[in-house]
Amino acid sequence: MIEFSEVSIAYQGTPVLREVSLHIGEGELALAVGRTGSGKSTLLGAVNGLVPHFTGGRLAGRVTVAGRDTRTHRPRELAATVGVVGQDPVAGFVTDSVEEELAYGMEQLGVTAAAMRKRVEETMDLLGIAELRDRPLRALSGGQQQRVAIGAVLAAGPRVLVLDEPTSALDPGAAEEVLAAVTRLVHDLGITVLIAEHRLERVLQYADRVLTVHDGRVSAAEPAQAMRSAPIAPPVVALGRLAGWDPLPLSVRDARRRAPELRAELPGAPVPAPIEPGAETLTCRDVVVRYGGTVAVREVSLSVAAGETVALMGRNGSGKSSLLWALQGSGPRHSGAVTIRGTDPAGRKPVPRRVLAALVPQSPADLLYLQTVGEELATDRAGEILDELAPGIDPDSHPRDLSEGQRLALALAVQLAAEPAVLLLDEPTRGLDYPGKHRLTALVRAFPGAVLIATHDVEFAAETCDRAVVLADGEVVADGPTADVVTSSPLFAPQVAKILGGGWLTVGQVAGALR
């Protein structure tokens, strides 16, 4: 179905992919894995001709999809064969309602009205979105929007589906819904699916083949075989490597079968590292945020001390981002009080406000507006921070040419260089590989101020945060030590907790106990 023959891709003389040869068969789910900036998005873009017809660059070799050569067939000619869903589904929406969005692509392809109506109904039933038919797209949850985005390309009848980070912005429950829909397409319709995803713990168990992208080379192997030497691996695989399990487990269920022998080697429950928070830095009391008649945040009260790292968790649409913006002072706040070191940030101008509270939003590109990375950095300290998070970025490159993870690292470096009292991060692990997350954890741990992180990444929260606060419908429903909060919920529990129980959260804890 998808054939790469000696494919090399370079931009301005810099090679991104080198002599890639691989075959992905019909009805196969292939998972592309690799470090941030390794070339996964370029690999995906080559499948529908966006690389090089849209992105530029030089492509040598041959890419064929269902027998069509991407060199002679432009993306619009491949649209009926290859459906593509990017990292941000909302950015691809062109209509207002679910049913209109599903029909739009077929209208552009000249599908008859009768066939269009039939395909729309079939797509909605297949993806479980029939009840959303007349709903406004902007009113949907993240998981619903992702399923509609998949449906919009699926309704056109493609034989190949390309998904770039399909679960990166989703809570665990919504991610499960999307992946269940994707596997149904593979198993029931025989659609070939190519996914790039950093959160391997969510996707690996569904993959038929893993494509490892490293130093411009791409190797293909069965998942268990690929994970033996892959440069990145999810916690379940890392735990299997540590325990010496053979074959390596790819899912929590697989690992649980081997867990008793590992539990027998472990001492009692792990002892959390002592927390010595400093002075109370961030305080909010009865904060309410409204958008028209919709209440996004309902009388939330919390405080965060210097040296304390708090995870803000909850489903998509629970009010996490709205609360962060209200705390930072730039977002709306209908009522309630916020103080940072005794000052309300909403009353300060942008520059002094940034010294009180620095916020890195879900779309870090919103903070980047200069022509080069070097111009954005401005100070030596910002450059040092960027090298810690994402080493090797060319200072002369344009921020818009960076990968999602690299843009996040750049925005974070710029904000941290101001040495704010409070650091607010909204989904900071989107686009970051596991080593990148570990570096971010170290950076956050070393930050002397208060840190509040809105995240769906339960593995990152378990490794990084001292405390977890869970929001539901704009209200705080849980607040306590991270281990207590995440292990009490099957949805938010990290993989190691699901496998071993007993208070174990991370592979690092287990490794330390076995030394």
# chains A, B, ... in the order shown; residues from 1 in each chain; ligands from 1
$ residues_around --residues "Gly86 in chain A" --least-positions-apart "4" --cutoff "9 Å" --atoms "only C-alpha atoms" --output "list in words"
Ala91, Gly92, Ala149, Val162, Leu163, Asp164, Glu165 and Pro166 of chain A
$ select_by_dssp --residues "range 146-294 of chain A" --states "strand (DSSP E or B)" --output "PyMOL selection string"
chain A and resi 160-164+192-196+209-214+217-221+280-291+294
$ closest_residue --among "A:Leu59, A:Ala66, A:Ala155, A:Val160" --to "Glu99 in chain A" --atoms "only C-alpha atoms"
A:Ala155
$ residues_around --residues "His456 in chain A" --least-positions-apart "5" --cutoff "8 Å" --atoms "only C-alpha atoms" --output "ChimeraX atom specification"
/A:169-172,313-315,427
$ atom_distance --atom1 "CA of Ala114 in chain A" --atom2 "CA of Gly83 in chain A"
21.6 Å
$ select_by_dssp --residues "range 328-506 of chain A" --states "helix (DSSP H, G or I)" --output "PyMOL selection string"
chain A and resi 328+345-347+350-356+364-367+373-377+380-389+399-401+404-416+434-446+458-464+482-487+495-500
$ closest_residue --among "A:Leu179, A:Val90, A:Ala103, A:Ala358" --to "Ile195 in chain A" --atoms "only C-alpha atoms"
A:Leu179
$ decode --residues "range 197-223 of chain A" --atoms "N, CA and C atoms" --output "short mmCIF file (atom, residue, chain, number, x, y, z; two decimals), in the first residue's frame"
data_model
loop_
_atom_site.label_atom_id
_atom_site.label_comp_id
_atom_site.auth_asym_id
_atom_site.auth_seq_id
_atom_site.Cartn_x
_atom_site.Cartn_y
_atom_site.Cartn_z
N GLU A 197 3.55 9.25 17.15
CA GLU A 197 3.06 9.55 18.50
C GLU A 197 4.20 9.45 19.50
N HIS A 198 4.33 10.47 20.35
CA HIS A 198 5.36 10.44 21.39
C HIS A 198 4.89 9.65 22.61
N ARG A 199 3.61 9.65 22.88
CA ARG A 199 3.10 8.94 24.07
C ARG A 199 2.87 7.47 23.70
N LEU A 200 3.98 6.76 23.62
CA LEU A 200 3.94 5.38 23.17
C LEU A 200 3.13 4.49 24.10
N GLU A 201 3.05 4.86 25.38
CA GLU A 201 2.28 4.04 26.32
C GLU A 201 0.82 3.92 25.91
N ARG A 202 0.35 4.87 25.09
CA ARG A 202 -1.04 4.84 24.66
C ARG A 202 -1.23 4.00 23.39
N VAL A 203 -0.25 3.97 22.51
CA VAL A 203 -0.45 3.45 21.16
C VAL A 203 0.25 2.12 20.88
N LEU A 204 1.36 1.87 21.56
CA LEU A 204 2.22 0.75 21.19
C LEU A 204 1.49 -0.58 21.11
N GLN A 205 0.59 -0.83 22.04
CA GLN A 205 -0.09 -2.14 22.09
C GLN A 205 -0.96 -2.40 20.86
N TYR A 206 -1.32 -1.34 20.12
CA TYR A 206 -2.19 -1.51 18.95
C TYR A 206 -1.39 -1.66 17.66
N ALA A 207 -0.09 -1.42 17.68
CA ALA A 207 0.71 -1.37 16.45
C ALA A 207 1.02 -2.76 15.92
N ASP A 208 0.97 -2.89 14.59
CA ASP A 208 1.42 -4.12 13.92
C ASP A 208 2.91 -4.05 13.64
N ARG A 209 3.40 -2.83 13.41
CA ARG A 209 4.81 -2.64 13.09
C ARG A 209 5.27 -1.30 13.65
N VAL A 210 6.52 -1.25 14.04
CA VAL A 210 7.11 -0.01 14.55
C VAL A 210 8.19 0.45 13.59
N LEU A 211 8.10 1.72 13.19
CA LEU A 211 9.11 2.34 12.33
C LEU A 211 9.95 3.25 13.22
N THR A 212 11.19 2.89 13.44
CA THR A 212 12.08 3.67 14.29
C THR A 212 12.88 4.65 13.44
N VAL A 213 12.72 5.95 13.71
CA VAL A 213 13.41 6.99 12.96
C VAL A 213 14.55 7.50 13.83
N HIS A 214 15.77 7.31 13.35
CA HIS A 214 16.95 7.68 14.14
C HIS A 214 18.07 8.10 13.20
N ASP A 215 18.59 9.30 13.41
CA ASP A 215 19.68 9.83 12.57
C ASP A 215 19.36 9.76 11.09
N GLY A 216 18.10 10.03 10.76
CA GLY A 216 17.69 10.05 9.36
C GLY A 216 17.41 8.69 8.76
N ARG A 217 17.72 7.63 9.48
CA ARG A 217 17.46 6.27 9.00
C ARG A 217 16.14 5.77 9.58
N VAL A 218 15.46 4.89 8.85
CA VAL A 218 14.20 4.32 9.31
C VAL A 218 14.31 2.80 9.25
N SER A 219 14.09 2.15 10.40
CA SER A 219 14.09 0.69 10.44
C SER A 219 12.71 0.22 10.87
N ALA A 220 12.24 -0.85 10.28
CA ALA A 220 10.92 -1.40 10.56
C ALA A 220 11.06 -2.78 11.21
N ALA A 221 10.23 -3.02 12.24
CA ALA A 221 10.29 -4.32 12.93
C ALA A 221 9.00 -4.55 13.68
N GLU A 222 8.79 -5.80 14.10
CA GLU A 222 7.67 -6.11 14.99
C GLU A 222 7.85 -5.30 16.27
N PRO A 223 6.74 -4.89 16.92
CA PRO A 223 6.84 -4.01 18.09
C PRO A 223 7.78 -4.52 19.19
#
